[in-house]
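As stored in upload_32.tsv (TSV, C-alpha atoms):
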```tsv
chain	number	residue	atom	x	y	z
A	1	MET	CA	-34.43	-31.70	42.21
A	2	TYR	CA	-32.00	-29.49	44.09
A	3	VAL	CA	-29.43	-27.02	42.85
A	4	THR	CA	-26.78	-25.15	44.79
A	5	ARG	CA	-26.52	-21.37	44.52
A	6	ILE	CA	-23.46	-19.52	45.78
A	7	VAL	CA	-24.32	-16.56	47.97
A	8	ARG	CA	-21.74	-13.85	48.64
A	9	ARG	CA	-21.24	-12.86	52.23
A	10	GLN	CA	-18.65	-11.15	54.31
A	11	TYR	CA	-16.30	-13.50	56.13
A	12	PRO	CA	-15.08	-12.83	59.66
A	13	ARG	CA	-11.41	-12.74	60.32
A	14	THR	CA	-11.62	-16.08	62.11
A	15	SER	CA	-13.24	-17.95	59.20
A	16	ARG	CA	-11.60	-21.06	57.85
A	17	PHE	CA	-9.69	-21.29	54.57
A	18	THR	CA	-9.20	-24.24	52.36
A	19	ALA	CA	-6.14	-24.97	50.22
A	20	ILE	CA	-6.98	-25.40	46.56
A	21	SER	CA	-4.38	-26.56	44.01
A	22	CYS	CA	-4.11	-24.62	40.75
A	23	THR	CA	-2.64	-25.37	37.31
A	24	ALA	CA	0.56	-23.51	38.11
A	25	THR	CA	1.38	-26.22	40.69
A	26	SER	CA	1.17	-23.64	43.45
A	27	LEU	CA	-1.25	-23.45	46.38
A	28	ILE	CA	-3.68	-20.58	46.74
A	29	LYS	CA	-5.79	-20.16	49.85
A	30	LEU	CA	-9.36	-19.10	49.05
A	31	PRO	CA	-12.36	-18.70	51.41
A	32	VAL	CA	-15.09	-21.32	51.10
A	33	PRO	CA	-18.31	-19.46	50.17
A	34	TYR	CA	-21.49	-19.87	52.17
A	35	THR	CA	-24.13	-21.86	50.20
A	36	GLN	CA	-27.89	-22.25	50.33
A	37	THR	CA	-29.93	-25.10	48.93
A	38	LEU	CA	-32.64	-24.11	46.46
A	39	ARG	CA	-35.63	-26.18	45.43
A	40	TYR	CA	-36.66	-26.16	41.77
A	41	SER	CA	-40.43	-25.65	41.43
A	42	THR	CA	-41.76	-27.93	38.67
A	43	ARG	CA	-45.18	-26.31	38.70
A	44	SER	CA	-44.20	-22.70	37.97
A	45	GLN	CA	-40.80	-23.49	36.36
A	46	GLU	CA	-39.16	-21.02	38.73
A	47	ARG	CA	-36.43	-21.33	41.28
A	48	THR	CA	-37.63	-20.52	44.77
A	49	LYS	CA	-36.00	-20.05	48.07
A	50	GLU	CA	-37.56	-21.99	50.88
A	51	GLN	CA	-37.93	-20.01	54.02
A	52	SER	CA	-38.62	-21.52	57.39
A	53	GLN	CA	-41.12	-18.94	58.57
A	54	GLY	CA	-44.64	-18.89	57.08
A	55	GLY	CA	-43.76	-21.06	54.09
A	56	GLU	CA	-43.38	-17.97	51.94
A	57	THR	CA	-41.39	-18.14	48.71
A	58	THR	CA	-39.27	-15.48	47.10
A	59	LYS	CA	-38.53	-15.46	43.35
A	60	LEU	CA	-34.86	-15.48	42.45
A	61	PRO	CA	-33.35	-14.55	39.07
A	62	PRO	CA	-32.56	-17.50	36.81
A	63	VAL	CA	-29.01	-18.79	37.00
A	64	GLN	CA	-27.17	-18.99	33.67
A	65	LYS	CA	-24.91	-21.88	32.97
A	66	THR	CA	-21.15	-21.31	32.70
A	67	GLY	CA	-20.98	-22.78	29.17
A	68	GLN	CA	-23.62	-20.36	27.92
A	69	LEU	CA	-21.76	-17.39	29.36
A	70	LYS	CA	-18.57	-18.48	27.63
A	71	ARG	CA	-20.37	-18.84	24.31
A	72	ASN	CA	-21.92	-15.39	24.61
A	73	ALA	CA	-18.53	-13.87	25.42
A	74	PHE	CA	-16.93	-15.60	22.43
A	75	VAL	CA	-19.64	-14.33	20.06
A	76	PHE	CA	-19.25	-10.79	21.36
A	77	VAL	CA	-15.45	-10.81	20.93
A	78	PHE	CA	-15.73	-12.36	17.45
A	79	CYS	CA	-18.22	-9.70	16.28
A	80	ALA	CA	-16.03	-6.93	17.67
A	81	VAL	CA	-12.93	-8.22	15.88
A	82	LEU	CA	-14.86	-8.71	12.63
A	83	GLY	CA	-16.26	-5.18	12.78
A	84	ALA	CA	-12.83	-3.66	13.45
A	85	ALA	CA	-11.33	-5.56	10.51
A	86	ALA	CA	-14.10	-4.45	8.16
A	87	ALA	CA	-13.69	-0.82	9.24
A	88	LYS	CA	-9.94	-0.95	8.69
A	89	LEU	CA	-9.99	-2.68	5.31
A	90	GLY	CA	-12.89	-0.60	4.01
A	91	PRO	CA	-15.65	-1.46	1.52
A	92	GLU	CA	-13.23	-3.22	-0.81
A	93	TRP	CA	-12.92	-6.04	1.74
A	94	LEU	CA	-16.67	-6.53	1.71
A	95	ASN	CA	-16.76	-6.65	-2.10
A	96	SER	CA	-14.15	-9.40	-2.28
A	97	ASP	CA	-15.47	-10.68	-5.61
A	98	GLN	CA	-14.39	-7.42	-7.26
A	99	ARG	CA	-10.88	-7.31	-5.86
A	100	ILE	CA	-7.90	-8.22	-8.01
A	101	PHE	CA	-5.34	-8.69	-5.27
A	102	ASN	CA	-5.79	-10.82	-2.19
A	103	PRO	CA	-2.75	-10.20	0.06
A	104	PRO	CA	-0.69	-11.84	1.35
A	105	ARG	CA	-1.26	-14.29	-1.52
A	106	PHE	CA	0.14	-13.72	-5.00
A	107	THR	CA	-2.32	-13.17	-7.85
A	108	PRO	CA	-1.72	-14.68	-11.33
A	109	PHE	CA	-1.45	-12.30	-14.29
A	110	THR	CA	-0.98	-13.04	-17.99
A	111	ILE	CA	1.55	-11.22	-20.19
A	112	VAL	CA	-0.58	-9.79	-23.02
A	113	SER	CA	2.08	-7.53	-24.56
A	114	ARG	CA	5.82	-6.92	-24.58
A	115	GLU	CA	7.48	-3.85	-26.06
A	116	ASP	CA	11.26	-3.43	-26.21
A	117	ILE	CA	12.38	0.09	-25.35
A	118	SER	CA	16.12	-0.48	-25.70
A	119	SER	CA	18.59	-3.35	-25.73
A	120	THR	CA	18.27	-3.67	-21.94
A	121	SER	CA	14.79	-2.37	-21.05
A	122	PHE	CA	11.27	-3.37	-22.02
A	123	ILE	CA	7.66	-2.87	-20.94
A	124	LEU	CA	5.39	-5.75	-19.98
A	125	THR	CA	1.62	-5.35	-20.10
A	126	LEU	CA	-0.07	-7.68	-17.61
A	127	GLN	CA	-3.74	-8.59	-17.33
A	128	PRO	CA	-5.25	-10.40	-14.32
A	129	GLU	CA	-6.65	-13.86	-14.87
A	130	SER	CA	-9.56	-13.22	-12.48
A	131	PRO	CA	-12.93	-13.28	-14.31
A	132	ASN	CA	-14.45	-10.68	-11.94
A	133	VAL	CA	-12.33	-7.73	-13.12
A	134	ALA	CA	-15.01	-6.51	-15.52
A	135	ASN	CA	-17.29	-5.77	-12.54
A	136	THR	CA	-14.93	-3.03	-11.31
A	137	PRO	CA	-14.63	0.03	-13.61
A	138	ASP	CA	-11.32	1.28	-12.14
A	139	PRO	CA	-9.82	-1.23	-9.67
A	140	PHE	CA	-6.71	0.89	-8.93
A	141	LYS	CA	-8.50	4.22	-8.55
A	142	ASP	CA	-7.55	4.70	-4.89
A	143	GLN	CA	-3.87	3.96	-5.56
A	144	TRP	CA	-3.65	6.44	-8.45
A	145	GLN	CA	-5.23	9.21	-6.39
A	146	LYS	CA	-3.03	8.64	-3.33
A	147	GLY	CA	0.37	8.91	-4.96
A	148	THR	CA	3.13	6.41	-5.73
A	149	TRP	CA	2.53	2.68	-5.38
A	150	SER	CA	4.14	-0.59	-6.39
A	151	VAL	CA	3.51	-4.31	-6.81
A	152	GLU	CA	5.73	-7.27	-5.95
A	153	VAL	CA	6.74	-9.60	-8.79
A	154	LYS	CA	7.51	-13.17	-7.77
A	155	GLN	CA	10.40	-15.28	-9.01
A	156	PRO	CA	9.00	-18.79	-8.41
A	157	GLN	CA	12.24	-20.78	-8.78
A	158	LEU	CA	14.11	-18.82	-6.11
A	159	GLN	CA	10.98	-17.84	-4.13
A	160	ILE	CA	11.93	-14.16	-4.02
A	161	SER	CA	10.14	-11.01	-5.13
A	162	ARG	CA	11.02	-7.49	-6.24
A	163	ALA	CA	8.94	-4.32	-6.24
A	164	TYR	CA	8.01	-2.73	-9.57
A	165	THR	CA	6.20	0.56	-10.13
A	166	PRO	CA	3.23	0.41	-12.54
A	167	LEU	CA	3.13	2.94	-15.37
A	168	PRO	CA	0.00	5.07	-15.87
A	169	THR	CA	-2.47	3.53	-18.31
A	170	VAL	CA	-5.27	4.82	-20.51
A	171	GLU	CA	-8.94	4.71	-19.50
A	172	GLN	CA	-9.67	1.52	-21.45
A	173	ALA	CA	-6.81	-0.34	-19.77
A	174	ASN	CA	-8.04	0.73	-16.32
A	175	THR	CA	-11.34	-1.14	-16.82
A	176	LEU	CA	-9.44	-4.38	-17.50
A	177	GLY	CA	-7.16	-4.15	-14.48
A	178	ILE	CA	-4.14	-3.77	-16.76
A	179	ILE	CA	-0.73	-3.22	-15.14
A	180	ARG	CA	2.27	-2.04	-17.18
A	181	VAL	CA	5.76	-2.28	-15.70
A	182	LEU	CA	9.08	-0.97	-17.00
A	183	VAL	CA	11.81	-3.58	-16.57
A	184	ARG	CA	15.56	-3.17	-17.03
A	185	LYS	CA	17.55	-6.38	-17.29
A	186	GLU	CA	20.26	-5.99	-14.69
A	187	TYR	CA	23.48	-7.95	-14.44
A	188	LYS	CA	22.82	-10.84	-12.02
A	189	GLY	CA	19.30	-9.55	-11.48
A	190	GLU	CA	17.26	-12.63	-10.51
A	191	VAL	CA	13.78	-11.17	-11.10
A	192	SER	CA	14.61	-9.00	-14.13
A	193	SER	CA	16.35	-11.93	-15.86
A	194	TYR	CA	13.35	-14.13	-15.12
A	195	LEU	CA	10.94	-11.58	-16.64
A	196	HIS	CA	13.22	-11.07	-19.64
A	197	GLN	CA	12.89	-14.71	-20.72
A	198	LEU	CA	9.11	-15.01	-20.29
A	199	PRO	CA	7.12	-15.11	-23.56
A	200	VAL	CA	3.87	-13.33	-24.36
A	201	GLY	CA	1.10	-15.46	-22.90
A	202	GLY	CA	3.24	-16.48	-19.93
A	203	ARG	CA	2.12	-16.17	-16.33
A	204	VAL	CA	3.46	-13.70	-13.77
A	205	GLU	CA	2.43	-13.65	-10.11
A	206	LEU	CA	1.96	-10.27	-8.42
A	207	ARG	CA	1.18	-9.14	-4.89
A	208	GLY	CA	0.09	-5.75	-3.64
A	209	PRO	CA	-0.68	-2.97	-4.12
A	210	ASN	CA	1.81	-1.29	-1.76
A	211	THR	CA	1.62	2.45	-1.18
A	212	GLU	CA	5.07	4.05	-1.30
A	213	PHE	CA	4.25	7.73	-0.73
A	214	VAL	CA	0.95	9.52	-0.11
A	215	LEU	CA	0.92	12.90	-1.82
A	216	PRO	CA	-0.36	15.77	0.35
A	217	ASP	CA	-3.63	17.44	-0.57
A	218	GLU	CA	-2.05	20.81	-1.31
A	219	VAL	CA	1.03	20.46	-3.53
A	220	THR	CA	2.36	23.50	-5.39
A	221	ASP	CA	5.76	22.40	-6.73
A	222	VAL	CA	7.39	19.04	-7.47
A	223	ILE	CA	10.96	18.32	-8.60
A	224	PHE	CA	11.52	14.69	-9.48
A	225	LEU	CA	15.11	13.50	-10.02
A	226	ALA	CA	14.78	10.15	-11.81
A	227	GLY	CA	17.56	7.79	-12.82
A	228	GLY	CA	16.78	5.03	-15.33
A	229	THR	CA	13.62	3.15	-14.37
A	230	GLY	CA	12.98	5.80	-11.72
A	231	ILE	CA	10.95	7.53	-14.43
A	232	ALA	CA	8.04	5.18	-13.59
A	233	PRO	CA	7.23	6.70	-10.15
A	234	ALA	CA	7.89	10.15	-11.64
A	235	LEU	CA	5.10	9.57	-14.15
A	236	GLN	CA	2.93	8.23	-11.34
A	237	VAL	CA	3.30	11.52	-9.45
A	238	ALA	CA	2.49	13.53	-12.59
A	239	HIS	CA	-0.52	11.33	-13.36
A	240	SER	CA	-1.89	11.58	-9.81
A	241	LEU	CA	-1.51	15.35	-9.49
A	242	LEU	CA	-2.45	16.39	-13.04
A	243	ASP	CA	-4.83	13.72	-14.37
A	244	ARG	CA	-6.46	12.27	-11.23
A	245	ARG	CA	-6.84	15.37	-9.09
A	246	SER	CA	-8.67	18.52	-10.12
A	247	HIS	CA	-6.88	21.12	-8.01
A	248	GLN	CA	-6.78	24.60	-9.47
A	249	PRO	CA	-4.32	25.86	-10.32
A	250	PRO	CA	-2.45	22.58	-11.00
A	251	PRO	CA	0.99	22.15	-9.41
A	252	ASN	CA	4.25	22.74	-11.27
A	253	ILE	CA	6.04	19.46	-11.99
A	254	ARG	CA	9.62	19.28	-13.27
A	255	ILE	CA	11.21	15.92	-14.01
A	256	VAL	CA	14.91	15.34	-14.60
A	257	TRP	CA	15.47	11.99	-16.32
A	258	ALA	CA	19.05	10.73	-16.28
A	259	ASN	CA	20.15	7.67	-18.31
A	260	ARG	CA	23.42	6.00	-19.23
A	261	ARG	CA	22.61	5.70	-22.94
A	262	ARG	CA	20.51	7.69	-25.37
A	263	GLU	CA	18.62	4.57	-26.50
A	264	ASP	CA	16.91	4.40	-23.11
A	265	CYS	CA	15.08	7.69	-23.68
A	266	LYS	CA	14.58	7.88	-27.45
A	267	SER	CA	11.28	9.03	-28.87
A	268	PRO	CA	9.32	6.71	-31.22
A	269	ALA	CA	10.57	8.74	-34.22
A	270	GLU	CA	14.20	8.12	-33.21
A	271	GLN	CA	13.78	4.40	-32.64
A	272	ILE	CA	13.66	1.67	-35.25
A	273	HIS	CA	10.00	0.92	-35.77
A	274	GLN	CA	9.06	-2.33	-34.07
A	275	SER	CA	5.49	-3.22	-33.21
A	276	PRO	CA	4.94	-4.64	-29.74
A	277	THR	CA	4.29	-8.37	-29.47
A	278	THR	CA	0.74	-8.92	-28.24
A	279	LEU	CA	-1.41	-11.89	-27.25
A	280	ASN	CA	-4.27	-12.70	-29.64
A	281	ASP	CA	-3.88	-9.32	-31.39
A	282	VAL	CA	-4.87	-7.40	-28.24
A	283	LYS	CA	-5.11	-3.69	-29.06
A	284	LEU	CA	-3.19	-1.74	-26.44
A	285	GLU	CA	-1.49	1.62	-26.24
A	286	SER	CA	2.13	2.05	-27.20
A	287	GLY	CA	4.34	1.72	-24.15
A	288	ASN	CA	7.02	4.20	-25.14
A	289	ILE	CA	7.89	6.39	-22.15
A	290	VAL	CA	8.72	9.46	-24.22
A	291	SER	CA	5.29	9.30	-25.91
A	292	ARG	CA	3.62	9.56	-22.51
A	293	ILE	CA	5.87	12.47	-21.55
A	294	ASP	CA	5.04	14.34	-24.76
A	295	GLU	CA	1.34	13.78	-24.15
A	296	LEU	CA	1.56	15.38	-20.70
A	297	LYS	CA	3.47	18.31	-22.17
A	298	ARG	CA	0.68	18.95	-24.67
A	299	LYS	CA	-2.04	18.74	-22.02
A	300	PHE	CA	-0.22	20.85	-19.39
A	301	PRO	CA	2.28	23.08	-21.22
A	302	ASP	CA	2.61	25.53	-18.31
A	303	ASN	CA	2.82	23.00	-15.49
A	304	PHE	CA	4.83	20.05	-16.78
A	305	ASN	CA	8.42	19.94	-18.00
A	306	VAL	CA	11.06	17.20	-18.48
A	307	GLU	CA	14.82	17.52	-18.94
A	308	TYR	CA	17.02	14.72	-20.27
A	309	TYR	CA	20.57	13.95	-19.13
A	310	VAL	CA	22.65	11.20	-20.81
A	311	ASP	CA	26.00	9.97	-19.49
A	312	GLU	CA	27.42	8.95	-22.86
A	313	GLU	CA	26.72	12.47	-24.18
A	314	GLY	CA	28.53	14.14	-21.30
A	315	THR	CA	25.48	15.79	-19.72
A	316	TYR	CA	25.24	15.40	-15.96
A	317	LEU	CA	22.98	16.65	-13.19
A	318	ASP	CA	24.87	18.88	-10.74
A	319	GLN	CA	24.22	21.15	-7.78
A	320	LYS	CA	23.99	24.26	-9.94
A	321	ARG	CA	21.08	22.91	-11.96
A	322	ILE	CA	19.22	21.67	-8.88
A	323	SER	CA	19.66	25.08	-7.25
A	324	GLN	CA	18.21	26.79	-10.32
A	325	MET	CA	15.12	24.57	-10.23
A	326	THR	CA	14.47	25.13	-6.54
A	327	LYS	CA	14.63	28.92	-6.90
A	328	SER	CA	12.64	29.33	-10.12
A	329	ARG	CA	8.89	29.23	-10.66
A	330	PRO	CA	7.67	28.48	-14.18
A	331	SER	CA	4.38	30.30	-13.74
A	332	ILE	CA	3.18	33.26	-11.68
A	333	ARG	CA	0.34	32.58	-9.27
A	334	MET	CA	-2.07	35.41	-8.59
A	335	GLU	CA	-3.34	33.98	-5.30
A	336	PRO	CA	-1.32	33.48	-2.08
A	337	VAL	CA	1.01	30.49	-2.10
A	338	ALA	CA	0.94	27.97	0.75
A	339	THR	CA	4.11	27.96	2.80
A	340	ARG	CA	3.92	24.51	4.45
A	341	ILE	CA	6.99	22.41	3.75
A	342	ASP	CA	4.93	19.49	2.39
A	343	THR	CA	3.63	21.64	-0.47
A	344	ARG	CA	7.04	21.69	-2.20
A	345	LEU	CA	8.45	18.23	-2.79
A	346	ILE	CA	11.74	16.85	-4.14
A	347	PHE	CA	11.78	13.15	-5.05
A	348	VAL	CA	14.91	11.14	-5.77
A	349	CYS	CA	14.50	7.70	-7.35
A	350	GLY	CA	16.84	5.43	-9.27
A	351	PRO	CA	19.79	3.09	-8.75
A	352	GLU	CA	21.45	3.01	-5.34
A	353	GLY	CA	24.47	5.01	-6.49
A	354	PHE	CA	22.21	7.66	-8.04
A	355	ILE	CA	20.30	8.16	-4.77
A	356	ASN	CA	23.45	8.17	-2.64
A	357	PHE	CA	25.10	10.81	-4.82
A	358	LEU	CA	22.13	13.18	-4.77
A	359	ALA	CA	20.52	12.68	-1.35
A	360	GLY	CA	22.61	10.24	0.67
A	361	PRO	CA	21.99	6.54	1.35
A	362	LYS	CA	18.89	5.02	2.82
A	363	LYS	CA	19.04	3.19	6.14
A	364	TRP	CA	17.61	-0.04	7.48
A	365	GLU	CA	15.68	0.46	10.72
A	366	GLY	CA	13.62	-2.21	12.43
A	367	GLY	CA	13.85	-4.57	9.46
A	368	LYS	CA	12.54	-1.94	7.04
A	369	GLU	CA	14.18	0.46	4.63
A	370	ALA	CA	13.96	4.00	6.02
A	371	GLN	CA	14.89	7.38	4.61
A	372	GLY	CA	18.12	7.81	6.52
A	373	GLN	CA	19.90	11.12	6.97
A	374	LEU	CA	19.74	13.61	4.11
A	375	GLY	CA	23.13	13.89	2.44
A	376	GLY	CA	24.72	14.13	-0.97
A	377	ILE	CA	24.34	17.23	-3.14
A	378	ILE	CA	20.89	18.10	-1.81
A	379	GLY	CA	22.02	17.71	1.80
A	380	ARG	CA	24.85	20.18	1.26
A	381	MET	CA	22.46	22.74	-0.25
A	382	GLY	CA	20.60	23.20	3.03
A	383	LEU	CA	17.11	23.50	1.55
A	384	ARG	CA	14.65	24.51	4.24
A	385	ASP	CA	11.40	25.03	2.34
A	386	TRP	CA	11.47	21.74	0.40
A	387	LYS	CA	10.61	18.24	1.62
A	388	VAL	CA	12.99	15.60	0.20
A	389	TRP	CA	11.89	11.99	-0.19
A	390	LYS	CA	13.93	9.02	-1.47
A	391	LEU	CA	12.01	6.35	-3.36
```
For the file at hand, write its structure as structure tokens.
Amino acid sequence: MYVTRIVRRQYPRTSRFTAISCTATSLIKLPVPYTQTLRYSTRSQERTKEQSQGGETTKLPPVQKTGQLKRNAFVFVFCAVLGAAAAKLGPEWLNSDQRIFNPPRFTPFTIVSREDISSTSFILTLQPESPNVANTPDPFKDQWQKGTWSVEVKQPQLQISRAYTPLPTVEQANTLGIIRVLVRKEYKGEVSSYLHQLPVGGRVELRGPNTEFVLPDEVTDVIFLAGGTGIAPALQVAHSLLDRRSHQPPPNIRIVWANRRREDCKSPAEQIHQSPTTLNDVKLESGNIVSRIDELKRKFPDNFNVEYYVDEEGTYLDQKRISQMTKSRPSIRMEPVATRIDTRLIFVCGPEGFINFLAGPKKWEGGKEAQGQLGGIIGRMGLRDWKVWKL
């Protein structure tokens, strides 16, 4: 049996060329390579080159088939891509049985509790339907330590979604993958109206988690200007810096919570007692926002403070009050204070008009919502040693 082996050689300038048609319907002139005929030795299972002088044989390296080379190249590329994906997604991707979310798909959750905060706002407690949650002691540990994060809630009839910020939960709720969201029923709000009519035991589909802002490692001062449901990311920042991180001394956190009505920020003692509706008598913590604020005040009396502003009572946040907060320090530090700009943070979160008034509007760039130019009251103040971020 004979095989043909292509041998490379240098071609003289006068060598012939042959026209070969290609898939692009064009003609490319390529040199015809010089070939030698090889005889396959059945006795030694080796390819040999027959030489005319002396009958001597010279061993040649085995020739691999083209199909085998293509398969080897495909396996190599596949392994490289798989390794890069595993490195990027981290160990959580490898332990897929312990993950709650599986983006870009939505994950089903069950409403296990609903607690009305006011006539327009309420807190939903959601538990994943996945049976593997018990294998993970704290499935959202990385998100809580990073900073602020959100989940997307799906409205199945209209096929739209809206981002909601989870509220901090107690240790027991963390082991169950519990997510608690503060919802305000807005006029013509498609997702909030949909959530408002869902009963306890109903299903909600979530997707995420989505990191909104990664807190720097060294944070000394935080001023959070929250309007309405903007208190949720404010409590996330306080929870991450005070409860999840063990930096000493802890940073100073001041939250300004502005609401239209007093009922939105009443303490449990001021509200009419109404037990939350739960599924199968599930024992969960009370969802009242003010209760969580008072708890943080008791744990960190020198580092955590909250001020309330209510429109119907005639109390408003103005430039004078913001200036006072940026110039004052609640506690005296004995060690040197870091001077990097990312150690002193001002967050603004709330309705669109609230953000525009305090820090200027956001801007759409490349199909995504960006920070935009700093404006509003804070922009006119000309703060140089504070980093401002709109959520």
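Atom pair atom CA of A:Pro168 / atom CA of A:Gln127: separated by 14.2 Å.
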Response to the item:
Expressed in Å, the length from atom CA of A:Ile346 to atom CA of A:Val191 is 28.9 Å
Worksheet entry | Protein and nucleic acid residues near (-7.6, -0.2, -10.4) (cut-off 9 Å, all atoms listed in the file) as a ChimeraX atom specification | /A:100,136-144,174-179
Discussion item. What does the structure give for the distance between atom CA of A:Pro361 and atom CA of A:Gly230, in Å to one decimal?
Written reply: 15.9 Å
Worksheet entry | Residue with smallest distance to A:Leu241 - pool A:Asp217, A:Asp264, A:Asp302, A:Glu115, counting all atoms listed in the file | A:Asp217
Practice prompt. Can you pull out every residue within 10 Å of A:Val237, counting all atoms listed in the file, but drop anything in the same chain fewer than 5 positions away, and send it as a VMD selection string?
Written response: chain A and resid 144 to 149 168 213 to 215 222 224 231 to 232 242 to 244 253 347
Discussion item. For a quick check of understanding, using all atoms listed in the file, which of A:Gln155, A:Gln371, A:Ser119, A:Ser130 has the smallest distance to A:Thr107?
Written reply: A:Ser130
Practice prompt. Using all atoms listed in the file, determine which residues lie at most 9 Å from A:Arg262, disregarding the query and same-chain residues fewer than 2 positions distant; provide the list as a list of chain:residue names.
Written response: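 Returned residues: A:Asn259, A:Arg260, A:Asp264, A:Cys265, A:Lys266, A:Tyr309, A:Val310, A:Asp311, A:Glu312, A:Glu313.
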Discussion item. Give me the residues near A:Val181 as a PyMOL selection string, where near means some atom within 6 Å (using all atoms listed in the file) and where sequence neighbours in that chain fewer than 5 positions away do not count.
Written reply: chain A and resi 123-124+166-167
Discussion item. Give me the residues near A:Gly208 as a list in words, where near means some atom within 10 Å (using all atoms listed in the file) and where sequence neighbours in that chain fewer than 5 positions away do not count.
Written reply: Ile100, Phe101, Asn102, Pro103, Pro104, Arg105, Phe106, Thr107, Trp149, Ser150, Val151, Glu152, Val153 and Ala163 of chain A
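Between A:Thr229 and the residues A:Asn305, A:Thr315, A:Gln324, A:Thr165, the shortest atom-to-atom distance, using only C-alpha atoms, involves A:Thr165.
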Worksheet item: At a cut-off of 12 Å from (13.4, -1.5, 2.1) in the coordinates of the file, what residues are picked up using all atoms listed in the file, written as number ranges by chain?
Response: A: 162-163, 212, 352, 361-372, 390-391
